[in-house]
>>> print(open('protein05.txt').read())   # compact mmCIF, C-alpha atoms and all ligand atoms
# COMPACT_ATOMS: atom_id res chain seq x y z
CA MET Y 1 86.73 49.45 26.71
CA THR Y 2 86.66 52.63 24.63
CA ASP Y 3 87.42 55.91 26.44
CA LEU Y 4 85.46 59.06 25.73
CA GLU Y 5 88.66 60.58 24.31
CA ASP Y 6 88.78 57.82 21.69
CA LEU Y 7 85.38 58.69 20.21
CA PRO Y 8 85.00 61.16 17.35
CA LEU Y 9 83.20 63.55 19.72
CA ARG Y 10 82.42 67.11 18.58
CA ALA Y 11 85.56 69.15 19.26
CA ASP Y 12 83.79 71.73 21.42
CA LEU Y 13 82.45 69.02 23.76
CA ARG Y 14 85.88 67.51 24.44
CA GLY Y 15 87.01 67.93 28.03
CA GLN Y 16 83.57 69.06 29.23
CA HIS Y 17 81.80 67.63 32.28
CA PRO Y 18 78.07 66.81 32.51
CA TYR Y 19 76.02 69.52 34.25
CA GLY Y 20 74.35 68.64 37.51
CA ALA Y 21 74.27 69.23 41.23
CA PRO Y 22 75.32 66.32 43.46
CA GLN Y 23 72.37 63.98 44.18
CA LEU Y 24 73.24 62.72 47.66
CA ASP Y 25 71.15 60.81 50.15
CA VAL Y 26 71.39 63.09 53.19
CA PRO Y 27 68.72 64.09 55.72
CA VAL Y 28 68.32 67.71 54.53
CA ARG Y 29 68.45 68.40 50.79
CA LEU Y 30 68.30 72.11 50.00
CA ASN Y 31 70.46 72.26 46.88
CA THR Y 32 68.26 72.16 43.77
CA ASN Y 33 65.43 74.59 44.57
CA GLU Y 34 62.82 71.87 44.63
CA ASN Y 35 59.61 72.12 46.61
CA SER Y 36 60.24 69.97 49.70
CA SER Y 37 56.60 68.87 50.07
CA PRO Y 38 55.56 65.63 48.34
CA PRO Y 39 52.03 65.58 46.86
CA PRO Y 40 49.26 64.94 49.41
CA ALA Y 41 48.09 61.29 49.27
CA ALA Y 42 44.79 62.16 47.54
CA VAL Y 43 46.59 64.13 44.83
CA ALA Y 44 49.15 61.35 44.34
CA ALA Y 45 46.24 58.89 43.95
CA ALA Y 46 44.57 61.15 41.36
CA ILE Y 47 47.82 61.33 39.36
CA VAL Y 48 48.24 57.55 39.52
CA ALA Y 49 44.62 57.05 38.35
CA ALA Y 50 45.14 59.41 35.41
CA VAL Y 51 48.31 57.61 34.39
CA ALA Y 52 46.60 54.22 34.78
CA THR Y 53 43.84 55.27 32.36
CA GLU Y 54 46.45 56.37 29.86
CA VAL Y 55 48.40 53.11 30.11
CA ALA Y 56 45.40 51.27 28.63
CA GLU Y 57 46.19 53.04 25.34
CA VAL Y 58 49.94 53.18 25.56
CA ASN Y 59 50.25 51.17 22.33
CA ARG Y 60 49.32 54.43 20.54
CA TYR Y 61 51.48 57.53 20.21
CA PRO Y 62 50.44 60.47 22.39
CA ASP Y 63 48.85 63.71 21.14
CA ARG Y 64 51.85 65.25 19.38
CA ASP Y 65 50.69 68.78 20.11
CA ALA Y 66 49.54 68.06 23.70
CA VAL Y 67 46.47 70.24 23.12
CA ALA Y 68 44.45 69.25 26.21
CA LEU Y 69 47.44 69.81 28.48
CA ARG Y 70 48.23 73.14 26.83
CA GLU Y 71 44.62 74.24 27.32
CA GLU Y 72 44.89 73.53 31.03
CA LEU Y 73 48.28 75.27 31.28
CA THR Y 74 46.80 78.28 29.46
CA ALA Y 75 44.00 78.54 32.01
CA TYR Y 76 46.45 78.18 34.91
CA LEU Y 77 48.91 80.79 33.62
CA ALA Y 78 46.17 83.27 32.68
CA LYS Y 79 44.80 83.02 36.22
CA GLN Y 80 48.25 83.19 37.84
CA THR Y 81 49.39 86.26 35.86
CA GLY Y 82 46.04 87.99 35.30
CA GLU Y 83 46.77 88.10 31.55
CA PRO Y 84 44.26 86.61 29.07
CA LEU Y 85 45.97 83.93 26.96
CA THR Y 86 44.94 81.51 24.22
CA VAL Y 87 46.08 77.93 23.74
CA ASP Y 88 48.03 78.78 20.58
CA GLN Y 89 50.31 80.96 22.75
CA LEU Y 90 51.26 78.09 25.02
CA TRP Y 91 53.82 75.32 24.39
CA ALA Y 92 54.92 72.50 26.69
CA ALA Y 93 57.94 70.17 26.92
CA ASN Y 94 59.87 67.92 29.30
CA GLY Y 95 60.93 70.59 31.79
CA SER Y 96 61.68 74.20 30.94
CA ASN Y 97 65.19 73.07 30.04
CA GLU Y 98 63.74 71.35 26.99
CA ILE Y 99 61.76 74.50 26.18
CA LEU Y 100 65.02 76.49 26.34
CA GLN Y 101 66.71 73.91 24.11
CA GLN Y 102 63.90 74.13 21.53
CA LEU Y 103 64.14 77.95 21.60
CA LEU Y 104 67.85 77.76 20.88
CA GLN Y 105 67.32 75.14 18.17
CA ALA Y 106 64.81 77.40 16.46
CA PHE Y 107 66.35 80.84 17.01
CA GLY Y 108 70.03 80.12 17.68
CA GLY Y 109 72.74 78.20 15.88
CA PRO Y 110 76.17 78.73 14.30
CA GLY Y 111 76.90 82.34 13.43
CA LEU Y 112 74.21 83.66 15.79
CA LYS Y 113 74.77 84.97 19.31
CA ALA Y 114 73.08 84.63 22.69
CA LEU Y 115 73.52 87.13 25.53
CA GLY Y 116 72.73 86.57 29.21
CA TYR Y 117 73.46 88.70 32.25
CA THR Y 118 75.56 86.63 34.63
CA PRO Y 119 75.68 85.31 37.26
CA SER Y 120 72.51 83.61 36.10
CA TYR Y 121 71.15 80.14 35.35
CA SER Y 122 74.20 78.44 33.85
CA MET Y 123 72.11 76.13 31.66
CA HIS Y 124 71.28 79.12 29.42
CA GLN Y 125 74.92 79.17 28.37
CA ARG Y 126 75.29 75.38 28.28
CA ILE Y 127 72.22 74.86 26.10
CA ALA Y 128 73.33 77.71 23.84
CA GLU Y 129 76.71 76.08 23.40
CA ALA Y 130 75.20 72.61 22.90
CA THR Y 131 73.26 74.08 19.97
CA CYS Y 132 76.45 75.74 18.63
CA THR Y 133 75.17 79.21 19.53
CA PRO Y 134 78.08 81.37 20.72
CA TRP Y 135 77.39 82.79 24.19
CA VAL Y 136 78.27 86.25 25.48
CA ASP Y 137 78.45 86.84 29.23
CA GLY Y 138 76.78 90.12 30.10
CA ARG Y 139 77.17 91.83 33.47
CA ARG Y 140 75.01 92.87 36.39
CA ALA Y 141 75.64 95.55 39.01
CA SER Y 142 77.69 94.49 42.05
CA ASP Y 143 74.46 93.93 44.02
CA PHE Y 144 73.30 91.59 41.16
CA THR Y 145 70.54 93.93 39.98
CA LEU Y 146 70.12 94.81 36.31
CA ASP Y 147 68.98 98.28 35.32
CA PRO Y 148 67.50 99.26 31.94
CA ILE Y 149 70.41 101.51 30.95
CA SER Y 150 73.08 98.86 31.49
CA ALA Y 151 70.95 96.08 29.98
CA VAL Y 152 70.30 98.11 26.81
CA GLU Y 153 73.90 99.30 26.52
CA GLN Y 154 75.07 95.68 26.49
CA VAL Y 155 72.47 94.64 23.92
CA LYS Y 156 73.61 97.48 21.65
CA VAL Y 157 77.26 96.45 21.91
CA VAL Y 158 76.78 92.67 21.58
CA ARG Y 159 73.94 92.71 19.01
CA PRO Y 160 72.68 89.24 20.04
CA ASN Y 161 70.03 87.13 18.29
CA LEU Y 162 68.69 85.92 21.61
CA VAL Y 163 68.70 87.64 25.00
CA PHE Y 164 68.16 85.71 28.23
CA LEU Y 165 66.67 87.47 31.25
CA CYS Y 166 66.01 85.38 34.34
CA SER Y 167 63.46 86.75 36.80
CA PRO Y 168 63.63 85.92 39.66
CA ASN Y 169 67.25 85.18 38.79
CA ASN Y 170 68.92 81.92 39.75
CA PRO Y 171 71.25 81.87 41.72
CA THR Y 172 70.82 85.38 43.14
CA GLY Y 173 67.02 85.52 43.66
CA THR Y 174 66.93 88.99 42.09
CA ALA Y 175 63.77 90.01 40.22
CA ILE Y 176 64.07 92.11 37.06
CA ASP Y 177 61.45 94.81 36.76
CA LEU Y 178 59.23 95.10 33.73
CA ASP Y 179 60.84 98.43 32.72
CA THR Y 180 64.13 96.64 32.12
CA ILE Y 181 62.43 93.89 30.09
CA ARG Y 182 60.59 96.50 28.02
CA ALA Y 183 63.78 98.49 27.46
CA VAL Y 184 65.63 95.38 26.21
CA ALA Y 185 62.74 94.31 23.97
CA ASP Y 186 62.54 97.88 22.55
CA ALA Y 187 66.30 98.01 21.92
CA THR Y 188 66.83 94.80 19.94
CA PRO Y 189 65.35 92.82 17.06
CA ALA Y 190 66.42 89.65 18.98
CA MET Y 191 64.22 87.07 20.65
CA VAL Y 192 63.93 88.06 24.33
CA VAL Y 193 63.50 85.07 26.65
CA VAL Y 194 62.39 85.75 30.22
CA ASP Y 195 62.96 82.65 32.37
CA GLU Y 196 60.33 82.77 35.12
CA ALA Y 197 60.95 79.31 36.60
CA TYR Y 198 60.49 80.87 40.06
CA GLY Y 199 57.69 83.29 39.11
CA GLU Y 200 55.17 82.02 41.67
CA PHE Y 201 57.50 82.83 44.58
CA ALA Y 202 57.87 86.55 43.74
CA ARG Y 203 56.99 89.02 46.46
CA PRO Y 204 53.50 90.56 46.31
CA GLY Y 205 53.06 93.26 43.69
CA THR Y 206 55.52 91.70 41.21
CA LYS Y 207 54.04 91.45 37.70
CA SER Y 208 54.91 88.64 35.32
CA ALA Y 209 56.50 89.42 31.94
CA VAL Y 210 53.50 87.49 30.53
CA THR Y 211 51.63 90.80 30.88
CA LEU Y 212 53.96 92.32 28.22
CA LEU Y 213 53.20 89.66 25.57
CA PRO Y 214 50.50 91.66 23.74
CA GLU Y 215 53.05 94.43 23.08
CA TYR Y 216 56.12 92.32 22.19
CA PRO Y 217 55.79 89.56 19.57
CA ARG Y 218 59.43 88.47 20.07
CA LEU Y 219 59.08 88.09 23.83
CA VAL Y 220 58.99 84.57 25.30
CA VAL Y 221 58.24 83.72 28.93
CA THR Y 222 59.31 80.28 30.16
CA ARG Y 223 57.80 78.62 33.23
CA THR Y 224 57.94 75.23 34.93
CA MET Y 225 55.93 72.90 37.13
CA SER Y 226 59.21 71.85 38.84
CA LYS Y 227 59.27 74.51 41.56
CA ALA Y 228 56.08 76.02 43.02
CA PHE Y 229 54.06 73.08 41.66
CA ALA Y 230 56.14 70.45 43.47
CA PHE Y 231 56.32 68.43 40.23
CA ALA Y 232 60.07 68.37 39.45
CA GLY Y 233 60.07 64.60 38.91
CA GLY Y 234 57.14 64.89 36.48
CA ARG Y 235 59.29 67.00 34.08
CA LEU Y 236 56.92 69.58 32.71
CA GLY Y 237 57.95 73.03 31.52
CA TYR Y 238 56.13 75.48 29.27
CA LEU Y 239 56.26 78.86 27.60
CA ALA Y 240 53.90 81.65 26.70
CA ALA Y 241 54.61 83.75 23.62
CA SER Y 242 52.97 84.86 20.39
CA PRO Y 243 51.44 81.98 18.36
CA ALA Y 244 54.21 82.40 15.75
CA VAL Y 245 56.82 81.42 18.36
CA VAL Y 246 54.90 78.24 19.12
CA GLN Y 247 54.81 77.50 15.38
CA ALA Y 248 58.59 77.97 15.25
CA LEU Y 249 59.12 75.45 18.06
CA GLN Y 250 56.90 72.94 16.30
CA LEU Y 251 59.54 72.93 13.53
CA VAL Y 252 62.26 71.65 15.87
CA ARG Y 253 60.46 69.58 18.51
CA LEU Y 254 60.76 65.81 18.19
CA PRO Y 255 57.47 64.17 17.22
CA TYR Y 256 55.71 62.87 20.38
CA HIS Y 257 58.28 64.54 22.66
CA LEU Y 258 55.83 64.61 25.58
CA SER Y 259 54.84 61.09 26.58
CA ALA Y 260 51.18 60.22 27.12
CA LEU Y 261 52.07 59.41 30.74
CA THR Y 262 53.67 62.83 31.28
CA GLN Y 263 50.70 64.60 29.70
CA ALA Y 264 48.21 62.68 31.83
CA ALA Y 265 50.18 63.16 35.06
CA ALA Y 266 50.67 66.88 34.43
CA ARG Y 267 46.97 67.38 33.66
CA ALA Y 268 46.00 65.63 36.88
CA ALA Y 269 48.53 67.76 38.80
CA LEU Y 270 47.10 70.93 37.21
CA ARG Y 271 43.61 69.98 38.37
CA HIS Y 272 45.05 69.91 41.90
CA ALA Y 273 47.10 73.09 41.56
CA THR Y 274 45.70 74.55 44.77
CA GLU Y 275 46.71 71.57 46.93
CA LEU Y 276 50.12 71.23 45.25
CA GLN Y 277 50.87 74.93 45.75
CA ALA Y 278 49.49 75.09 49.28
CA GLY Y 279 53.05 75.33 50.63
CA VAL Y 280 54.11 78.34 48.54
CA ASP Y 281 53.23 80.92 51.23
CA SER Y 282 55.14 78.91 53.82
CA ILE Y 283 58.15 78.67 51.46
CA ARG Y 284 58.09 82.45 50.98
CA GLY Y 285 57.96 82.84 54.75
CA GLU Y 286 60.92 80.46 55.20
CA ARG Y 287 62.86 82.33 52.50
CA ASP Y 288 62.29 85.60 54.36
CA ARG Y 289 63.29 83.90 57.63
CA LEU Y 290 66.55 82.65 56.07
CA VAL Y 291 67.28 86.18 54.81
CA SER Y 292 66.70 87.75 58.22
CA GLU Y 293 68.45 85.03 60.26
CA LEU Y 294 71.56 85.03 58.08
CA THR Y 295 71.61 88.84 58.00
CA ALA Y 296 71.30 88.92 61.79
CA ARG Y 297 74.39 86.69 61.98
CA GLY Y 298 76.30 89.36 60.06
CA TRP Y 299 76.44 87.72 56.62
CA GLU Y 300 75.73 89.38 53.30
CA VAL Y 301 72.40 88.12 51.95
CA VAL Y 302 70.95 88.96 48.53
CA PRO Y 303 67.25 90.02 48.63
CA SER Y 304 65.26 87.13 47.11
CA ASP Y 305 62.02 86.79 45.15
CA ALA Y 306 62.59 83.05 44.66
CA ASN Y 307 62.56 79.94 46.86
CA PHE Y 308 66.27 80.20 47.66
CA VAL Y 309 68.76 82.59 49.16
CA LEU Y 310 72.31 83.47 48.09
CA PHE Y 311 74.55 84.38 50.99
CA GLY Y 312 78.25 85.05 51.70
CA ARG Y 313 80.89 86.21 51.57
CA PHE Y 314 83.03 83.36 52.76
CA ALA Y 315 86.80 83.03 52.64
CA ASP Y 316 86.39 79.43 51.44
CA ALA Y 317 82.80 78.63 50.41
CA PRO Y 318 83.57 75.06 49.18
CA ALA Y 319 85.08 74.17 52.60
CA LEU Y 320 82.01 75.49 54.42
CA TRP Y 321 79.74 73.63 51.97
CA GLN Y 322 81.64 70.42 52.79
CA ARG Y 323 81.29 70.96 56.56
CA LEU Y 324 77.54 71.53 56.18
CA LEU Y 325 77.33 68.30 54.18
CA GLY Y 326 79.17 66.55 57.01
CA ALA Y 327 76.42 67.83 59.32
CA GLY Y 328 73.79 66.26 57.03
CA VAL Y 329 72.74 69.42 55.17
CA LEU Y 330 73.23 69.62 51.40
CA ILE Y 331 73.14 73.14 49.94
CA ARG Y 332 74.62 74.47 46.67
CA ASP Y 333 78.03 75.75 45.80
CA VAL Y 334 77.07 77.61 42.62
CA GLY Y 335 80.67 78.27 41.68
CA MET Y 336 80.59 81.95 42.68
CA PRO Y 337 83.67 82.49 44.83
CA GLY Y 338 82.60 83.44 48.37
CA TRP Y 339 78.91 82.60 48.00
CA LEU Y 340 76.58 79.67 48.74
CA ARG Y 341 72.91 79.14 47.90
CA VAL Y 342 70.32 77.47 50.10
CA THR Y 343 66.80 76.45 49.08
CA ALA Y 344 63.90 77.47 51.33
CA GLY Y 345 62.43 74.12 52.35
CA THR Y 346 60.06 73.21 55.15
CA PRO Y 347 60.33 75.08 58.48
CA ALA Y 348 62.03 71.99 59.98
CA GLU Y 349 64.58 71.79 57.13
CA CYS Y 350 65.38 75.50 57.35
CA SER Y 351 65.82 75.22 61.13
CA ALA Y 352 68.09 72.19 60.59
CA PHE Y 353 70.13 74.22 58.10
CA LEU Y 354 70.46 77.20 60.47
CA GLY Y 355 71.37 74.88 63.36
CA ALA Y 356 74.05 73.11 61.29
CA PHE Y 357 75.34 76.45 59.98
CA ASP Y 358 75.73 77.76 63.54
CA GLN Y 359 77.64 74.60 64.41
CA VAL Y 360 80.05 74.57 61.51
CA ALA Y 361 80.54 78.24 60.51
CA THR Y 362 83.43 79.91 62.31
CA ASP Y 363 84.96 83.37 62.55
CA ALA Y 364 87.49 82.22 59.96
CA ASP Y 365 84.68 81.91 57.40
N1 LIG J 401 65.26 77.90 34.72
C1 LIG J 401 65.81 78.15 35.90
C2 LIG J 401 66.14 79.55 36.25
C3 LIG J 401 66.08 77.10 36.79
O1 LIG J 401 66.65 77.36 37.97
C4 LIG J 401 65.74 75.77 36.41
C5 LIG J 401 65.99 74.57 37.31
N2 LIG J 401 66.96 74.66 38.21
C6 LIG J 401 65.18 75.57 35.16
C7 LIG J 401 64.94 76.66 34.33
C8 LIG J 401 64.87 74.21 34.63
O2 LIG J 401 63.90 73.58 35.32
P1 LIG J 401 63.03 72.39 34.72
O3 LIG J 401 63.76 71.85 33.52
O4 LIG J 401 62.94 71.43 35.84
O5 LIG J 401 61.72 73.01 34.35
>>> encode(input="protein05.txt", output="structure tokens", more="lines below")
Ligand code: PMP
Amino acid sequence: MTDLEDLPLRADLRGQHPYGAPQLDVPVRLNTNENSSPPPAAVAAAIVAAVATEVAEVNRYPDRDAVALREELTAYLAKQTGEPLTVDQLWAANGSNEILQQLLQAFGGPGLKALGYTPSYSMHQRIAEATCTPWVDGRRASDFTLDPISAVEQVKVVRPNLVFLCSPNNPTGTAIDLDTIRAVADATPAMVVVDEAYGEFARPGTKSAVTLLPEYPRLVVTRTMSKAFAFAGGRLGYLAASPAVVQALQLVRLPYHLSALTQAAARAALRHATELQAGVDSIRGERDRLVSELTARGWEVVPSDANFVLFGRFADAPALWQRLLGAGVLIRDVGMPGWLRVTAGTPAECSAFLGAFDQVATDAD
């Protein structure tokens, strides 16, 4: 048997560990910000029927440019954000992670720099590094907010080629207001990527960065069907940007990257967007309940516009995480000392989490 160390692996990958939260079979899984509700039976049947039709022609390659799917995503996003969009502004891939990878393949690389304001979605850094794009860790205020002055100051010092803004931000739940996004886009010639994976969960009155696209040709907004859409297993992410950005990604995408089965399943899911997103209001309500219940117990809780809540500060967060797991509740240790993150699931799951937390958390925490 050959060990990994024996292979002529790229030097910068040596000693690294694969990214990924534990996938454990426990009764309550609130660790990866999924939507806890499976598709209703009628929607599942519609998706199966769409895939079945496609299988009849699976000897052929799929539409390389996924035009029909992109048209339907364009209509969905225009309706969701209130911003008129055209199909040439929309691009789709296997999850928004693949979109982020294609962005870094096209606009990053050796000798270029990417800046993100951490703590944030750690895959931004990992994908940057996997594409040999040096990463610079920017900072947020101590309450995890990001104001325009600080954001711009950092851009001016670092002079990045790509800037990552995550709104609502994972793992803190913090939304970034449009003034900050504008200020960053005005201050740099870089590509500005706003990761809105959790956009649909934002509190009322929050505007999507999609509304800024007409003013900023280097702005990119990434979205996903993994969260609000309850389609994480379907692997479908997308972006909205100027048509030139889509053309740039077409230079780096693999031919036929989106399988015919994925395209068909995603289109069927989009036709049932209302049913699949029926739980979003309830998830927002559960998120707000988690915030108020944990606050009432005296813990520090970060205000959230997403489907999860970051809370602390614990003397030993990994130990508390382990005790919760022992009680059958899997949440996320995001590697921020003192903090844990819990996904807002169904009312029953959130009650189970709070019940387990009351059982296992002690004054010593
Ligand atoms: N962006 C953020 C901020 C995320 O939290 C996630 C998933 N955890 C993703 C992107 C990637 O999601 P997907 O590849 O499933 O679209």
>>> residues_near_ligand(input="protein05.txt", ligand="ligand LIG 401 (chain J)", cutoff="9 Å", atoms="all atoms listed in the file", output="ChimeraX atom specification")
/Y:32-34,93-100,120-124,166-171,195-198,222-227,231-238
>>> residues_around(input="protein05.txt", residues="Glu300 of chain Y", least_positions_apart="6", cutoff="10 Å", atoms="all atoms listed in the file", output="ChimeraX atom specification")
/Y:291,294,310-314,339
>>> atom_distance(input="protein05.txt", atom1="atom CA of Val194 of chain Y", atom2="atom CA of Ala175 of chain Y")
11.0 Å
>>> residues_around(input="protein05.txt", residues="Ala183 of chain Y", least_positions_apart="4", cutoff="10 Å", atoms="only C-alpha atoms", output="VMD selection string")
chain Y and resid 147 to 149 151 to 152 178 to 179 187 to 188
>>> residues_around(input="protein05.txt", residues="segment 351-365 of chain Y", least_positions_apart="6", cutoff="8 Å", atoms="all atoms listed in the file", output="tab-separated table (two decimals) with C-alpha atoms, keeping the file's coordinate frame")
chain	number	residue	atom	x	y	z
Y	28	VAL	CA	68.32	67.71	54.53
Y	314	PHE	CA	83.03	83.36	52.76
Y	315	ALA	CA	86.80	83.03	52.64
Y	316	ASP	CA	86.39	79.43	51.44
Y	317	ALA	CA	82.80	78.63	50.41
Y	320	LEU	CA	82.01	75.49	54.42
Y	323	ARG	CA	81.29	70.96	56.56
Y	324	LEU	CA	77.54	71.53	56.18
Y	327	ALA	CA	76.42	67.83	59.32
Y	329	VAL	CA	72.74	69.42	55.17
>>> closest_residue(input="protein05.txt", among="Y:Ala306, Y:Leu9, Y:Cys350, Y:Ala269", to="Pro40 of chain Y", atoms="only C-alpha atoms")
Y:Ala269
>>> closest_residue(input="protein05.txt", among="Y:Glu349, Y:Gln263, Y:Glu57, Y:Pro318", to="Pro337 of chain Y", atoms="all atoms listed in the file")
Y:Pro318
>>> build_atoms(input="protein05.txt", residues="segment 181-207 of chain Y", atoms="N, CA and C atoms", output="tab-separated table (two decimals), in the frame of the given file")
chain	number	residue	atom	x	y	z
Y	181	ILE	N	62.81	94.84	31.15
Y	181	ILE	CA	62.43	93.89	30.09
Y	181	ILE	C	61.92	94.65	28.87
Y	182	ARG	N	61.07	95.64	29.12
Y	182	ARG	CA	60.59	96.50	28.02
Y	182	ARG	C	61.74	97.16	27.29
Y	183	ALA	N	62.67	97.74	28.07
Y	183	ALA	CA	63.78	98.49	27.46
Y	183	ALA	C	64.60	97.57	26.56
Y	184	VAL	N	64.86	96.33	27.02
Y	184	VAL	CA	65.63	95.38	26.21
Y	184	VAL	C	64.84	95.03	24.95
Y	185	ALA	N	63.56	94.71	25.13
Y	185	ALA	CA	62.74	94.31	23.97
Y	185	ALA	C	62.62	95.46	22.95
Y	186	ASP	N	62.61	96.71	23.46
Y	186	ASP	CA	62.54	97.88	22.55
Y	186	ASP	C	63.86	98.10	21.82
Y	187	ALA	N	64.97	97.64	22.44
Y	187	ALA	CA	66.30	98.01	21.92
Y	187	ALA	C	66.88	97.00	20.94
Y	188	THR	N	66.21	95.85	20.76
Y	188	THR	CA	66.83	94.80	19.94
Y	188	THR	C	65.80	94.09	19.06
Y	189	PRO	N	66.24	93.66	17.88
Y	189	PRO	CA	65.35	92.82	17.06
Y	189	PRO	C	65.43	91.34	17.48
Y	190	ALA	N	66.20	91.04	18.55
Y	190	ALA	CA	66.42	89.65	18.98
Y	190	ALA	C	65.18	89.06	19.65
Y	191	MET	N	65.19	87.74	19.79
Y	191	MET	CA	64.22	87.07	20.65
Y	191	MET	C	64.61	87.38	22.09
Y	192	VAL	N	63.65	87.76	22.92
Y	192	VAL	CA	63.93	88.06	24.33
Y	192	VAL	C	63.24	87.00	25.18
Y	193	VAL	N	64.04	86.19	25.86
Y	193	VAL	CA	63.50	85.07	26.65
Y	193	VAL	C	63.57	85.45	28.13
Y	194	VAL	N	62.41	85.49	28.78
Y	194	VAL	CA	62.39	85.75	30.22
Y	194	VAL	C	62.11	84.41	30.91
Y	195	ASP	N	63.09	83.92	31.67
Y	195	ASP	CA	62.96	82.65	32.37
Y	195	ASP	C	62.33	82.92	33.74
Y	196	GLU	N	61.06	82.55	33.86
Y	196	GLU	CA	60.33	82.77	35.12
Y	196	GLU	C	60.08	81.44	35.84
Y	197	ALA	N	61.11	80.60	35.91
Y	197	ALA	CA	60.95	79.31	36.60
Y	197	ALA	C	60.45	79.50	38.04
Y	198	TYR	N	60.84	80.63	38.65
Y	198	TYR	CA	60.49	80.87	40.06
Y	198	TYR	C	59.40	81.93	40.21
Y	199	GLY	N	58.67	82.19	39.13
Y	199	GLY	CA	57.69	83.29	39.11
Y	199	GLY	C	56.69	83.29	40.25
Y	200	GLU	N	56.23	82.09	40.64
Y	200	GLU	CA	55.17	82.02	41.67
Y	200	GLU	C	55.65	82.42	43.06
Y	201	PHE	N	56.99	82.49	43.25
Y	201	PHE	CA	57.50	82.83	44.58
Y	201	PHE	C	57.75	84.33	44.75
Y	202	ALA	N	57.54	85.12	43.69
Y	202	ALA	CA	57.87	86.55	43.74
Y	202	ALA	C	57.07	87.24	44.84
Y	203	ARG	N	57.67	88.31	45.38
Y	203	ARG	CA	56.99	89.02	46.46
Y	203	ARG	C	55.76	89.74	45.91
Y	204	PRO	N	54.76	89.97	46.78
Y	204	PRO	CA	53.50	90.56	46.31
Y	204	PRO	C	53.74	91.84	45.52
Y	205	GLY	N	52.93	92.04	44.48
Y	205	GLY	CA	53.06	93.26	43.69
Y	205	GLY	C	53.93	93.07	42.45
Y	206	THR	N	54.66	91.95	42.37
Y	206	THR	CA	55.52	91.70	41.21
Y	206	THR	C	54.65	91.23	40.04
Y	207	LYS	N	54.83	91.85	38.88
Y	207	LYS	CA	54.04	91.45	37.70
Y	207	LYS	C	54.87	90.55	36.81
